[in-house]
Structure formats: C-alpha cells, structure tokens
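Shown next: query-v6.cif, given as mmCIF, N, CA and C atoms.
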```
data_run
#
loop_
_atom_site.label_atom_id
_atom_site.label_comp_id
_atom_site.auth_asym_id
_atom_site.auth_seq_id
_atom_site.Cartn_x
_atom_site.Cartn_y
_atom_site.Cartn_z
N THR A 1 30.72 -2.54 5.42
CA THR A 1 29.53 -1.70 5.39
C THR A 1 29.72 -0.56 4.40
N PHE A 2 28.63 0.10 4.10
CA PHE A 2 28.68 1.23 3.18
C PHE A 2 29.56 2.35 3.74
N ASP A 3 29.47 2.58 5.05
CA ASP A 3 30.31 3.61 5.68
C ASP A 3 31.79 3.31 5.48
N THR A 4 32.16 2.04 5.58
CA THR A 4 33.56 1.65 5.40
C THR A 4 34.03 1.91 3.97
N VAL A 5 33.20 1.58 3.01
CA VAL A 5 33.55 1.81 1.60
C VAL A 5 33.79 3.30 1.36
N ILE A 6 32.89 4.13 1.85
CA ILE A 6 33.04 5.58 1.67
C ILE A 6 34.33 6.07 2.31
N GLU A 7 34.60 5.59 3.51
CA GLU A 7 35.81 6.02 4.23
C GLU A 7 37.07 5.52 3.55
N GLU A 8 37.10 4.24 3.17
CA GLU A 8 38.29 3.65 2.56
C GLU A 8 38.67 4.33 1.24
N PHE A 9 37.68 4.74 0.47
CA PHE A 9 37.94 5.38 -0.81
C PHE A 9 38.01 6.90 -0.70
N GLY A 10 37.83 7.44 0.50
CA GLY A 10 37.92 8.88 0.70
C GLY A 10 36.85 9.66 -0.04
N LEU A 11 35.68 9.08 -0.17
CA LEU A 11 34.58 9.73 -0.89
C LEU A 11 33.84 10.68 0.03
N LYS A 12 33.55 11.88 -0.48
CA LYS A 12 32.84 12.86 0.33
C LYS A 12 31.91 13.67 -0.55
N SER A 13 30.65 13.69 -0.16
CA SER A 13 29.67 14.57 -0.78
C SER A 13 28.43 14.55 0.10
N GLU A 14 27.64 15.59 -0.03
CA GLU A 14 26.40 15.67 0.74
C GLU A 14 25.47 14.51 0.38
N ALA A 15 25.42 14.18 -0.90
CA ALA A 15 24.54 13.08 -1.35
C ALA A 15 24.99 11.75 -0.76
N LEU A 16 26.29 11.48 -0.74
CA LEU A 16 26.79 10.23 -0.16
C LEU A 16 26.54 10.18 1.34
N ASP A 17 26.69 11.31 2.02
CA ASP A 17 26.39 11.35 3.46
C ASP A 17 24.92 11.03 3.71
N ARG A 18 24.04 11.59 2.89
CA ARG A 18 22.60 11.33 3.03
C ARG A 18 22.31 9.85 2.76
N LEU A 19 22.91 9.31 1.69
CA LEU A 19 22.71 7.90 1.36
C LEU A 19 23.25 7.00 2.47
N ALA A 20 24.40 7.32 3.01
CA ALA A 20 24.97 6.52 4.09
C ALA A 20 24.04 6.48 5.30
N THR A 21 23.41 7.59 5.60
CA THR A 21 22.47 7.64 6.72
C THR A 21 21.28 6.72 6.46
N ILE A 22 20.76 6.74 5.25
CA ILE A 22 19.63 5.87 4.89
C ILE A 22 20.03 4.40 5.03
N ILE A 23 21.18 4.05 4.48
CA ILE A 23 21.63 2.66 4.52
C ILE A 23 21.92 2.22 5.94
N ARG A 24 22.60 3.06 6.71
CA ARG A 24 22.91 2.74 8.11
C ARG A 24 21.63 2.52 8.90
N ALA A 25 20.64 3.38 8.70
CA ALA A 25 19.37 3.25 9.41
C ALA A 25 18.68 1.94 9.04
N ALA A 26 18.70 1.59 7.76
CA ALA A 26 18.08 0.33 7.32
C ALA A 26 18.84 -0.88 7.87
N ASP A 27 20.17 -0.82 7.83
CA ASP A 27 20.99 -1.94 8.30
C ASP A 27 20.88 -2.18 9.79
N THR A 28 20.60 -1.15 10.55
CA THR A 28 20.55 -1.27 12.01
C THR A 28 19.13 -1.27 12.56
N ALA A 29 18.15 -1.36 11.67
CA ALA A 29 16.73 -1.35 12.06
C ALA A 29 16.37 -0.09 12.84
N SER A 30 17.03 1.01 12.52
CA SER A 30 16.73 2.32 13.12
C SER A 30 15.87 3.10 12.14
N LEU A 31 14.72 2.54 11.82
CA LEU A 31 13.89 3.09 10.74
C LEU A 31 13.32 4.45 11.05
N ASP A 32 13.39 4.87 12.31
CA ASP A 32 12.91 6.21 12.67
C ASP A 32 13.97 7.28 12.43
N LEU A 33 15.19 6.88 12.06
CA LEU A 33 16.28 7.83 11.85
C LEU A 33 16.01 8.73 10.64
N VAL A 34 15.61 8.14 9.53
CA VAL A 34 15.22 8.88 8.33
C VAL A 34 14.06 8.15 7.67
N PRO A 35 13.11 8.88 7.08
CA PRO A 35 11.93 8.23 6.52
C PRO A 35 12.23 7.25 5.39
N GLN A 36 13.30 7.47 4.66
CA GLN A 36 13.62 6.63 3.51
C GLN A 36 14.16 5.25 3.91
N ALA A 37 14.57 5.09 5.16
CA ALA A 37 15.17 3.83 5.60
C ALA A 37 14.21 2.65 5.45
N ALA A 38 12.96 2.85 5.78
CA ALA A 38 11.98 1.75 5.68
C ALA A 38 11.81 1.30 4.23
N GLY A 39 11.76 2.24 3.31
CA GLY A 39 11.64 1.90 1.90
C GLY A 39 12.87 1.19 1.38
N PHE A 40 14.05 1.65 1.81
CA PHE A 40 15.29 1.01 1.38
C PHE A 40 15.35 -0.41 1.91
N LEU A 41 14.98 -0.60 3.18
CA LEU A 41 14.98 -1.94 3.76
C LEU A 41 13.98 -2.84 3.04
N ALA A 42 12.79 -2.33 2.78
CA ALA A 42 11.78 -3.13 2.09
C ALA A 42 12.26 -3.55 0.70
N ALA A 43 12.86 -2.63 -0.03
CA ALA A 43 13.36 -2.95 -1.37
C ALA A 43 14.50 -3.96 -1.29
N SER A 44 15.39 -3.80 -0.32
CA SER A 44 16.51 -4.73 -0.15
C SER A 44 16.02 -6.13 0.18
N LEU A 45 15.06 -6.22 1.09
CA LEU A 45 14.52 -7.53 1.46
C LEU A 45 13.77 -8.15 0.28
N GLY A 46 13.08 -7.33 -0.48
CA GLY A 46 12.41 -7.83 -1.67
C GLY A 46 13.40 -8.43 -2.66
N LEU A 47 14.52 -7.75 -2.86
CA LEU A 47 15.55 -8.27 -3.76
C LEU A 47 16.09 -9.61 -3.26
N SER A 48 16.24 -9.72 -1.94
CA SER A 48 16.78 -10.97 -1.40
C SER A 48 15.83 -12.14 -1.62
N ARG A 49 14.54 -11.85 -1.79
CA ARG A 49 13.56 -12.90 -2.07
C ARG A 49 13.44 -13.19 -3.56
N MET A 50 13.93 -12.28 -4.38
CA MET A 50 13.82 -12.44 -5.83
C MET A 50 14.98 -13.24 -6.43
N PHE A 51 16.13 -13.19 -5.78
CA PHE A 51 17.34 -13.79 -6.36
C PHE A 51 17.96 -14.79 -5.40
N ARG A 52 18.21 -16.00 -5.90
CA ARG A 52 18.93 -17.00 -5.10
C ARG A 52 20.44 -16.82 -5.28
N ASP A 53 20.84 -16.38 -6.45
CA ASP A 53 22.25 -16.19 -6.76
C ASP A 53 22.72 -14.86 -6.20
N ASP A 54 23.77 -14.90 -5.37
CA ASP A 54 24.27 -13.68 -4.73
C ASP A 54 24.73 -12.63 -5.72
N LEU A 55 25.38 -13.05 -6.81
CA LEU A 55 25.87 -12.08 -7.78
C LEU A 55 24.72 -11.41 -8.53
N GLU A 56 23.67 -12.16 -8.82
CA GLU A 56 22.50 -11.57 -9.46
C GLU A 56 21.82 -10.57 -8.52
N GLN A 57 21.75 -10.95 -7.25
CA GLN A 57 21.15 -10.04 -6.26
C GLN A 57 22.00 -8.78 -6.12
N LEU A 58 23.31 -8.93 -6.12
CA LEU A 58 24.20 -7.78 -6.03
C LEU A 58 24.02 -6.85 -7.22
N GLU A 59 23.93 -7.43 -8.42
CA GLU A 59 23.73 -6.62 -9.62
C GLU A 59 22.42 -5.84 -9.55
N ALA A 60 21.36 -6.49 -9.14
CA ALA A 60 20.07 -5.81 -9.01
C ALA A 60 20.13 -4.76 -7.90
N GLY A 61 20.83 -5.08 -6.83
CA GLY A 61 20.96 -4.14 -5.71
C GLY A 61 21.71 -2.88 -6.09
N MET A 62 22.64 -2.99 -7.01
CA MET A 62 23.39 -1.80 -7.45
C MET A 62 22.45 -0.78 -8.07
N LEU A 63 21.45 -1.25 -8.80
CA LEU A 63 20.45 -0.34 -9.37
C LEU A 63 19.70 0.39 -8.26
N LEU A 64 19.39 -0.32 -7.19
CA LEU A 64 18.73 0.29 -6.04
C LEU A 64 19.62 1.37 -5.41
N TYR A 65 20.88 1.05 -5.18
CA TYR A 65 21.81 2.02 -4.61
C TYR A 65 21.95 3.23 -5.53
N ASP A 66 22.07 2.98 -6.83
CA ASP A 66 22.19 4.08 -7.79
C ASP A 66 20.95 4.97 -7.76
N ALA A 67 19.78 4.36 -7.71
CA ALA A 67 18.54 5.14 -7.69
C ALA A 67 18.44 5.99 -6.42
N PHE A 68 18.77 5.40 -5.28
CA PHE A 68 18.73 6.18 -4.04
C PHE A 68 19.79 7.27 -4.05
N PHE A 69 20.97 7.00 -4.63
CA PHE A 69 21.99 8.04 -4.72
C PHE A 69 21.49 9.20 -5.58
N ARG A 70 20.88 8.89 -6.72
CA ARG A 70 20.37 9.96 -7.58
C ARG A 70 19.31 10.78 -6.87
N TRP A 71 18.46 10.11 -6.08
CA TRP A 71 17.47 10.85 -5.29
C TRP A 71 18.19 11.75 -4.29
N CYS A 72 19.18 11.21 -3.60
CA CYS A 72 19.94 12.00 -2.62
C CYS A 72 20.63 13.19 -3.26
N ARG A 73 21.10 13.01 -4.48
CA ARG A 73 21.84 14.06 -5.16
C ARG A 73 20.93 15.07 -5.84
N ASP A 74 19.84 14.60 -6.46
CA ASP A 74 19.09 15.46 -7.37
C ASP A 74 17.62 15.68 -7.06
N ALA A 75 17.03 14.87 -6.21
CA ALA A 75 15.57 14.89 -6.17
C ALA A 75 14.95 15.00 -4.78
N THR A 76 15.72 15.38 -3.78
CA THR A 76 15.15 15.41 -2.42
C THR A 76 14.05 16.45 -2.26
N GLU A 77 14.04 17.44 -3.11
CA GLU A 77 13.02 18.49 -3.02
C GLU A 77 11.80 18.21 -3.89
N GLU A 78 11.89 17.18 -4.72
CA GLU A 78 10.77 16.88 -5.63
C GLU A 78 9.66 16.16 -4.89
N THR A 79 8.43 16.56 -5.20
CA THR A 79 7.27 15.90 -4.62
C THR A 79 6.31 15.52 -5.74
N HIS A 80 5.37 14.73 -5.40
CA HIS A 80 4.32 14.37 -6.35
C HIS A 80 2.97 14.66 -5.73
N ASN A 81 2.87 15.83 -5.16
CA ASN A 81 1.62 16.25 -4.55
C ASN A 81 0.61 16.60 -5.63
N TRP A 82 -0.62 16.21 -5.43
CA TRP A 82 -1.69 16.49 -6.37
C TRP A 82 -2.79 17.22 -5.65
N PRO A 83 -3.55 18.06 -6.29
CA PRO A 83 -3.50 18.29 -7.73
C PRO A 83 -2.29 19.12 -8.12
N ALA A 84 -1.92 19.00 -9.35
CA ALA A 84 -0.78 19.74 -9.87
C ALA A 84 -1.05 21.23 -9.78
N ALA A 85 0.01 21.99 -9.63
CA ALA A 85 -0.12 23.45 -9.54
C ALA A 85 -0.89 23.97 -10.74
N GLY A 86 -1.86 24.81 -10.49
CA GLY A 86 -2.64 25.42 -11.55
C GLY A 86 -3.88 24.65 -11.94
N ALA A 87 -4.00 23.41 -11.47
CA ALA A 87 -5.19 22.62 -11.81
C ALA A 87 -6.35 23.08 -10.94
N VAL A 88 -7.51 23.28 -11.56
CA VAL A 88 -8.67 23.77 -10.81
C VAL A 88 -9.71 22.68 -10.59
N SER A 89 -9.60 21.57 -11.29
CA SER A 89 -10.54 20.48 -11.09
C SER A 89 -9.85 19.17 -11.45
N LEU A 90 -10.49 18.07 -11.14
CA LEU A 90 -9.90 16.77 -11.45
C LEU A 90 -9.68 16.58 -12.94
N GLY A 91 -10.46 17.21 -13.77
CA GLY A 91 -10.34 17.05 -15.21
C GLY A 91 -9.39 18.04 -15.86
N ALA A 92 -8.77 18.91 -15.07
CA ALA A 92 -7.90 19.93 -15.65
C ALA A 92 -6.75 19.29 -16.41
N GLY A 93 -6.50 19.80 -17.58
CA GLY A 93 -5.37 19.35 -18.38
C GLY A 93 -5.65 18.14 -19.24
N LYS A 94 -6.80 17.53 -19.11
CA LYS A 94 -7.13 16.37 -19.94
C LYS A 94 -7.81 16.83 -21.21
N PRO A 95 -7.46 16.22 -22.34
CA PRO A 95 -8.14 16.59 -23.59
C PRO A 95 -9.60 16.20 -23.53
N SER A 96 -10.44 16.99 -24.18
CA SER A 96 -11.88 16.72 -24.21
C SER A 96 -12.22 15.73 -25.27
#
```

Please re-express this file's structure in structure tokens.
Amino acid sequence: TFDTVIEEFGLKSEALDRLATIIRAADTASLDLVPQAAGFLAASLGLSRMFRDDLEQLEAGMLLYDAFFRWCRDATEETHNWPAAGAVSLGAGKPS
C-alpha cells in the first residue's frame, strides 16, 4: 500500500500525509473521509478501464499520483470560484 511505501522509505511531509489519507480513503471505500477520495477513486478506476497492460496503467497512474501530490503540496488553497475577483459583470475582462 501507499502507507507502506512511505513508511519503508522513511518519507515524511505534510503533503505526503495528506496524499496518503486521500489514497487510503479511496482504497478502503471510505469516501467520506476526505472530499478528494471520490475523485481519486474515479480517476483510478477510469485508468483501469483505459489500459489492459499493467505497466501502461502503472505509468499513467504515476501521473495521477504526481498531480495529486502537487495539489497536496502547492494548491490546496486554490479555488476556481467565479466570478473572478474584481469582475462586475459576465463580460468583465473580455475585449470588445
């Protein structure tokens, strides 16, 4: 499991702890543990339907793990709420 890999290699960081929680929740169908677990599970299951070859699936899955790690490390506070700050109408910021 992901927890075992982290422990065996002695890896420690807040981002890895957050990622481990997401993966653990997805692996154990505890999707209410963290909101990201459902998305991680959905993406993982999607990959399993895209690739018949285990090594190809693993390679594609590494991109998923990397992306979630980067979110855990750098982007947990980022949102995409609209309208953007300072916009006063739907057309704000668009060239005329």

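Taking atom CA of A:Asp3 as the reference point, atom CA of A:Ala15 is found at 13.1 Å.
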
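Applied to this file, the PyMOL selection byres ((chain A and resi 35-42) around 8) selects Thr21, Ile22, Ile23, Arg24, Ala25, Ala26, Asp27, Ser30, Leu31, Asp32, Leu33, Val34, Ala43, Ser44, Leu45, Gly46, Leu47 and Ser48 of chain A.
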
| message | For this structure, which residues satisfy the selection - the PyMOL selection byres (((chain A and resi 68-70 and name CA) around 10) and name CA) - when it is evaluated on the file as given? I want them as a VMD selection string. | response | chain A and resid 15 to 20 22 to 23 36 40 62 to 67 71 to 76

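Here atom CA of A:Thr28 is placed at a distance of 21.2 Å from atom CA of A:Glu14.
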
| Which of chain A counts as alpha helix (DSSP H) under DSSP, as a PyMOL selection string please? | chain A and resi 2-8+14-27+36-50+54-70

Return as JSON the centre and edge lengths, in Å with one decimal, of the box along x, y and z that encloses every atom of stretch 41-52 of chain A in the file, padded by 4 Å per side.
```
{"center_x": 16.1, "center_y": -8.8, "center_z": -1.3, "size_x": 16.7, "size_y": 24.4, "size_z": 18.2}
```
